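Inspection log for the structure reproduced underneath, given as structure tokens.
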There are 2 protein chains.
Amino acid sequence: MNSFNFLSPTEFVFGKEREKECGKYVRKYGGSKVLIHYGSGSVIRSGLLDRVKQSLDAEDIPFVLLGGVMPNPRDVLVYEGIALCKKEKVDFILAVGGGSVIDSAKAIAMGIPYDGDFWDFYSGKAQIRSAVSVGTVLTIAAAGSEGSGDSVITKEEGMLKRGAGSEFIRPKFSVMNPELTCTLPAYQTACGATDIMAHVFERYFTNTTEVEITDRLCEAVLITMVKETPRVIADPNNYDARANIMWAGTVAHNGIVGVGREQDWNSHGIEHELSGLYDCAHGAGLAVIMPAWMEFVMHHNPMRFAQMANRVFGVPMNFENPEETAAKGIYAFRSFLRAIGMPINFEELGAREEDIPVLVEKFGLGEDGRTGGFVKLSSADVASIYKLAVKAKL
Amino acid sequence: MNSFNFLSPTEFVFGKEREKECGKYVRKYGGSKVLIHYGSGSVIRSGLLDRVKQSLDAEDIPFVLLGGVMPNPRDVLVYEGIALCKKEKVDFILAVGGGSVIDSAKAIAMGIPYDGDFWDFYSGKAQIRSAVSVGTVLTIAAAGSEGSGDSVITKEEGMLKRGAGSEFIRPKFSVMNPELTCTLPAYQTACGATDIMAHVFERYFTNTTEVEITDRLCEAVLITMVKETPRVIADPNNYDARANIMWAGTVAHNGIVGVGREQDWNSHGIEHELSGLYDCAHGAGLAVIMPAWMEFVMHHNPMRFAQMANRVFGVPMNFENPEETAAKGIYAFRSFLRAIGMPINFEELGAREEDIPVLVEKFGLGEDGRTGGFVKLSSADVASIYKLAVKAKL
């Protein structure tokens with residue numbers, strides 16, 4: 001096990017109708033003027049936005065509104081949010097939505113106290129040194145952004161998707177009411193589930209040895225997702241299954257299952273180019289990329305993939321031929337993804353084989369670049385993974 | 001799943017030699033005058049206390065010292081600590097030791113800003129409204145106190161052992177260097193492991209249904225302990241096994257594996273009377289009590305015990321007779337405890353059957369009292385559990 005620091009100071013406020021308390025928590029964490037940041041009209045139609053406003057009214061906390069966050073949230077709205085917050089002297093940003101809304105809120109939060117262009121944090125030009133406080137009312141179990149210090153934003157010019165991270169942008173509190181996720185369409189629910197599982201897999205496949213506790217914690221989340229996801233696809237109003245998935249999504253990404261081990265986020269990076277170019281759902285892109293990445297890298301340590309196959313998908317362990325067990329595990333994962341309605345190849349996602357050179361170029365490794373924790377990939381490797389994803393089938 | 005709030009703001013600083021950074025973290029969390037609180041001479045002999053002092057010196061943070069904390073920490077030293085801290089205007093308490101030292105530090109921390117007797121918080125007369133900041137340098141993987149808001153203190157008059165809890169006494173940071181636990185004798189190591197497993201079991205046996213994610217997380221910790229504990233008993237200097245146990249101990253008790261479910265802490269309460277009366281190690285007392293409690297209550301929900309037996313100890317599931325599977329699981333747990341050198345009955349612990357009436361009276365339910373989350377126990381039930389513990393064998 002490697003050395004690490006672990007800090008997860010977010011207060012999670014979990015359960016039915018807890019959004020009615022969000023004004024109280026804004027007060028607790030020092031907010032006196034709020035930006036309510038949200039996405040499409042669904043939070044208006046469902047009445048959620050009204051309940052949030054009432055909760056702030058009840059605490060006499062004034063607010064301004066900024067909606068319109070899209071999936072794969074854009075830099076354009078972030079600039080608008082920063083300007084609005086500066087003008088209105090906002091000191092607390094309340095994100096009401098899923099990962100895209102929360103990531104957009106975090107970008108605004110880091111941009112307000114910064115004199116330069118907020119994109120500097122995403123392009124790697126500057127480090128985040130402060131941020132306005134963020135709280136969330138989560139409506140989608142997926143990104144884990146409600147408990148993380150990460151944010152991913154897409155620059156419209158060139159559709160460049162990049163991430164930034166800092167302890168300063170961890171939410172102070174996150175209201176998590178599983179009921180709010182019951183109205184999600186099956187496709188979005190499955191995308192969220194795939195994203196949650198990917199967050200665990202990116203931590204699970206590691207070269208660090210002697211990590212029994214975090215291995216087992218990772219498997220706990222994965223086993224839960226394998227059990228609970230089909231239940232909510234079949235019965236969208238199953239509160240308890242929704243609740244298990246929602247808490248699994250937070251545990252998957254607040255850091256606790258991945259400390260002390262080298263991680264490998266190449267699947268996320270390789271996917272980002274897909275959702276950047278085609279504006280597809282991140283989870284759907286992961287369903288196509290993650291198993292292809294597994295196929296490409298599993299020979300580096302077949303036993304690690306065999307262990308996953310055995311413990312998560314119940315594949316009998318073949319100690320004499322762990323590659324076989326590993327391959328069956330990847331097949332089981334793809335079968336699971338297909339069963340919950342996810343695409344598993346380029347065609348099903350709406351991606352095109354002829355774009356692979358563009359995708360690889362955007363990934364940005366160039367001729368000699370290498371990236372990765374578990375296996376270091378070159379541009380040629382990334383192209384191979386896209387090609388495996390083109391022809392994937394069951 | 002039930003509604004819950006989860007907040008674990010402690011910063012965990014994990015790895016080799018990290019104690020050299022504790023001055024930096026005292027500074028980060030606002031300490032300007034420190035009480036270093038510790039137990040016996042072992043932290044002096046090992047050089048740990050010197051390293052901690054040097055780390056504070058390097059940050060120019062002045063400190064005073066108070067050693068002498070005993071296992072089952074006493075109120076007498078707490079009073080002394082409170083008086084010392086008031087006199088010296090201490091604003092940060094750094095506990096260097098195991099759960100007893102940390103619990104004593106927390107008691108001092110809550111006592112300093114309180115005008116009355118700190119015991120009011122333990123007797124239930126008063127609620128904790130503020131506390132001086134606490135940090136820890138952990139030397140024993142066991143109590144989970146490094147990440148919890150709990151403290152247990154023994155009142156010397158009558159040897160009354162009681163607990164108090166509040167978010168105010170959660171440590172700001174906890175330095176966790178697994179190397180520091182390598183010098184622990186096998187018996188203390190095993191006591192700690194038993195305590196860690198008990199913290200999970202007290203959360204695991206619940207009447208709350210639909211708790212797949214927290215069930216699986218609980219099992220992840222238990223499976224890790226079953227694998228790693230015998231390794232450190234056989235090879236005390238196995239850093240990686242020590243590291244897995246140390247992080248498992250924190251995860252077991254910082255709350256994350258137990259949210260959203262009714263819990264049952266009767267085993268801990270019933271044990272506290274044993275270590276209160278005989279001054280035995282808490283973990284050793286739990287090794288005697290926990291399986292006896294399981295035997296007494298398993299009929300309330302045999303499937304829950306059968307699930308534990310199957311998933312943690314690999315007992316084949318007998319769906320037609322889950323009581324049989326459950327009983328085999330309890331037997332496997334006792335066998336495990338015996339294998340790591342723990343007592344499993346009164347005689348091996350040094351307790352006496354004839355004291356049972358005294359133990360039951362101290363437990364304090366009286367004639368009509370009932371307590372418990374999984375199964376509500378009466379005084380007669382508690383006596384029965386003590387009796388099961390008297391005659392337990394393999």
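Chain identifiers are assigned as A, B, and so on, following the order in which chains appear in the structure tokens; residues are numbered from 1 within each chain, and ligands are numbered from 1 in order of appearance.
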
- Task: When you get a sec, could you note down which chain A residues fall within 9 Å of chain B, using only C-alpha atoms, as number ranges by chain?
- Result: A: 1-16, 18, 177, 209-221, 223-225, 227-228, 239-241, 243-245, 247-248, 251, 256, 260

Set the distance at 9 Å and use only C-alpha atoms: which residues neighbour Leu365 (chain B) once local chain neighbours fewer than 5 positions away are removed? I'd like the list as a PDB file with C-alpha atoms, in the first residue's frame.
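So out35.pdb came out as:
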```
ATOM      1  CA  VAL B 360     -26.013  -7.122  34.909  1.00  0.00           C
ATOM      2  CA  ARG B 370     -34.909  -2.800  27.335  1.00  0.00           C
ATOM      3  CA  THR B 371     -32.117  -1.781  24.978  1.00  0.00           C
ATOM      4  CA  LEU B 377     -32.587  -7.038  25.479  1.00  0.00           C
ATOM      5  CA  SER B 378     -33.790  -7.165  29.098  1.00  0.00           C
ATOM      6  CA  SER B 379     -31.610  -7.685  32.166  1.00  0.00           C
TER       7      SER B 379
END
```

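By chain and then residue number, the residues within 8 Å of Gln307 (chain B) are B:Met303, B:Arg311, B:Met317, B:Ala326, counting only C-alpha atoms and disregarding those fewer than 4 positions away in sequence.
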
- Task: Excluding Gln54 (chain A) and residues on its chain fewer than 6 positions from it, collect all residues at most 10 Å away from it, counting only C-alpha atoms, and give them as a VMD selection string.
- Result: chain A and resid 20 to 23 48 60 to 61

So that I have them on file, write out the residues from the current selection with N, CA, C and O atoms, as a short mmCIF file (atom, residue, chain, number, x, y, z; two decimals), in the first residue's frame.
```
data_model
loop_
_atom_site.label_atom_id
_atom_site.label_comp_id
_atom_site.auth_asym_id
_atom_site.auth_seq_id
_atom_site.Cartn_x
_atom_site.Cartn_y
_atom_site.Cartn_z
N LYS A 20 -35.64 19.93 1.09
CA LYS A 20 -36.33 21.00 1.82
C LYS A 20 -35.43 21.65 2.86
O LYS A 20 -35.74 22.71 3.41
N GLU A 21 -34.32 20.99 3.19
CA GLU A 21 -33.39 21.51 4.20
C GLU A 21 -32.22 22.28 3.60
O GLU A 21 -31.34 22.72 4.33
N CYS A 22 -32.20 22.45 2.29
CA CYS A 22 -30.94 22.97 1.72
C CYS A 22 -30.67 24.42 2.15
O CYS A 22 -29.51 24.81 2.29
N GLY A 23 -31.71 25.19 2.40
CA GLY A 23 -31.49 26.55 2.92
C GLY A 23 -30.75 26.53 4.24
O GLY A 23 -29.81 27.31 4.48
N LEU A 48 -38.88 20.79 -8.26
CA LEU A 48 -37.69 20.77 -7.39
C LEU A 48 -37.14 22.18 -7.19
O LEU A 48 -36.81 22.57 -6.06
N ASP A 60 -34.39 33.31 4.65
CA ASP A 60 -34.13 34.70 4.24
C ASP A 60 -32.79 34.86 3.52
O ASP A 60 -32.06 35.82 3.76
N ILE A 61 -32.47 33.89 2.69
CA ILE A 61 -31.23 33.96 1.92
C ILE A 61 -31.57 34.35 0.47
O ILE A 61 -32.25 33.59 -0.22
#
```

- Skip region 154-156 of chain B itself and residues of its chain fewer than 6 positions away, then list as an MDAnalysis selection string all residues within 9 Å of it, counting only C-alpha atoms. chainID B and resid 72:76 119 162:163 276

- Task: Tell me which protein, DNA and RNA residues are within 6 Å of region 139-150 of chain A, counting only C-alpha atoms, leaving out same-chain ones fewer than 2 positions away, and put them as a VMD selection string.
- Result: chain A and resid 97 to 99 164 to 167 169 to 170 174 180 to 181 192 195 to 196 246 249 to 250 253 to 254

Got time to write the residues from that selection, N, CA, C and O atoms, as an mmCIF file, in the first residue's frame?
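Wrote it out as out.cif, contents follow:
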```
data_model
loop_
_atom_site.group_PDB
_atom_site.id
_atom_site.type_symbol
_atom_site.label_atom_id
_atom_site.label_comp_id
_atom_site.auth_asym_id
_atom_site.auth_seq_id
_atom_site.Cartn_x
_atom_site.Cartn_y
_atom_site.Cartn_z
ATOM 1 N N GLY A 97 -28.843 19.603 -9.763
ATOM 2 C CA GLY A 97 -28.776 18.786 -10.974
ATOM 3 C C GLY A 97 -27.820 17.620 -10.824
ATOM 4 O O GLY A 97 -27.551 17.157 -9.710
ATOM 5 N N GLY A 98 -27.293 17.161 -11.951
ATOM 6 C CA GLY A 98 -26.353 16.036 -11.946
ATOM 7 C C GLY A 98 -24.919 16.516 -12.058
ATOM 8 O O GLY A 98 -24.604 17.678 -11.763
ATOM 9 N N GLY A 99 -24.062 15.631 -12.489
ATOM 10 C CA GLY A 99 -22.635 15.938 -12.545
ATOM 11 C C GLY A 99 -22.295 17.143 -13.409
ATOM 12 O O GLY A 99 -21.414 17.930 -13.064
ATOM 13 N N ALA A 164 -10.254 19.633 -14.091
ATOM 14 C CA ALA A 164 -9.468 20.364 -13.100
ATOM 15 C C ALA A 164 -9.859 19.839 -11.728
ATOM 16 O O ALA A 164 -10.976 19.350 -11.539
ATOM 17 N N GLY A 165 -8.945 19.918 -10.773
ATOM 18 C CA GLY A 165 -9.253 19.396 -9.445
ATOM 19 C C GLY A 165 -8.580 20.161 -8.339
ATOM 20 O O GLY A 165 -7.477 20.690 -8.532
ATOM 21 N N SER A 166 -9.241 20.219 -7.193
ATOM 22 C CA SER A 166 -8.684 20.888 -6.017
ATOM 23 C C SER A 166 -9.600 20.642 -4.827
ATOM 24 O O SER A 166 -10.819 20.508 -4.978
ATOM 25 N N GLU A 167 -8.997 20.611 -3.620
ATOM 26 C CA GLU A 167 -9.817 20.486 -2.408
ATOM 27 C C GLU A 167 -10.755 21.681 -2.248
ATOM 28 O O GLU A 167 -11.795 21.575 -1.608
ATOM 29 N N ILE A 169 -12.718 23.027 -4.278
ATOM 30 C CA ILE A 169 -14.023 22.947 -4.948
ATOM 31 C C ILE A 169 -14.855 21.751 -4.489
ATOM 32 O O ILE A 169 -15.911 21.464 -5.048
ATOM 33 N N ARG A 170 -14.399 21.047 -3.454
ATOM 34 C CA ARG A 170 -15.262 20.002 -2.878
ATOM 35 C C ARG A 170 -16.529 20.662 -2.334
ATOM 36 O O ARG A 170 -16.446 21.653 -1.615
ATOM 37 N N SER A 174 -23.913 18.067 0.279
ATOM 38 C CA SER A 174 -24.650 17.542 -0.866
ATOM 39 C C SER A 174 -25.927 16.887 -0.371
ATOM 40 O O SER A 174 -25.880 15.952 0.433
ATOM 41 N N LEU A 180 -35.509 11.771 -6.204
ATOM 42 C CA LEU A 180 -35.318 12.688 -7.333
ATOM 43 C C LEU A 180 -34.789 11.968 -8.561
ATOM 44 O O LEU A 180 -34.905 12.470 -9.681
ATOM 45 N N THR A 181 -34.184 10.788 -8.369
ATOM 46 C CA THR A 181 -33.628 10.049 -9.509
ATOM 47 C C THR A 181 -34.641 9.091 -10.132
ATOM 48 O O THR A 181 -34.371 8.498 -11.176
ATOM 49 N N GLY A 192 -25.487 6.539 -15.901
ATOM 50 C CA GLY A 192 -24.974 6.865 -14.570
ATOM 51 C C GLY A 192 -24.338 5.656 -13.905
ATOM 52 O O GLY A 192 -23.247 5.736 -13.323
ATOM 53 N N ASP A 195 -20.978 4.945 -15.388
ATOM 54 C CA ASP A 195 -19.979 5.904 -14.912
ATOM 55 C C ASP A 195 -19.499 5.527 -13.504
ATOM 56 O O ASP A 195 -18.298 5.549 -13.212
ATOM 57 N N ILE A 196 -20.447 5.154 -12.640
ATOM 58 C CA ILE A 196 -20.091 4.762 -11.263
ATOM 59 C C ILE A 196 -19.132 3.562 -11.289
ATOM 60 O O ILE A 196 -18.098 3.550 -10.612
ATOM 61 N N MET A 246 -27.324 5.369 -5.381
ATOM 62 C CA MET A 246 -26.907 6.752 -5.126
ATOM 63 C C MET A 246 -25.733 6.809 -4.133
ATOM 64 O O MET A 246 -24.769 7.543 -4.336
ATOM 65 N N GLY A 249 -22.597 5.478 -5.690
ATOM 66 C CA GLY A 249 -21.989 6.461 -6.585
ATOM 67 C C GLY A 249 -21.088 7.444 -5.853
ATOM 68 O O GLY A 249 -20.050 7.870 -6.380
ATOM 69 N N THR A 250 -21.478 7.793 -4.645
ATOM 70 C CA THR A 250 -20.647 8.703 -3.839
ATOM 71 C C THR A 250 -19.412 7.988 -3.319
ATOM 72 O O THR A 250 -18.286 8.494 -3.411
ATOM 73 N N HIS A 253 -16.507 7.531 -5.665
ATOM 74 C CA HIS A 253 -15.718 8.643 -6.189
ATOM 75 C C HIS A 253 -15.290 9.681 -5.149
ATOM 76 O O HIS A 253 -14.693 10.693 -5.503
ATOM 77 N N ASN A 254 -15.603 9.447 -3.855
ATOM 78 C CA ASN A 254 -15.132 10.448 -2.885
ATOM 79 C C ASN A 254 -13.698 10.141 -2.451
ATOM 80 O O ASN A 254 -13.115 10.863 -1.661
#
```

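Using only C-alpha atoms, the shortest contact distance between Ala327 (chain B) and any of B:Glu367, B:Asp57, B:Asp103, B:Glu295 is found at B:Glu295.
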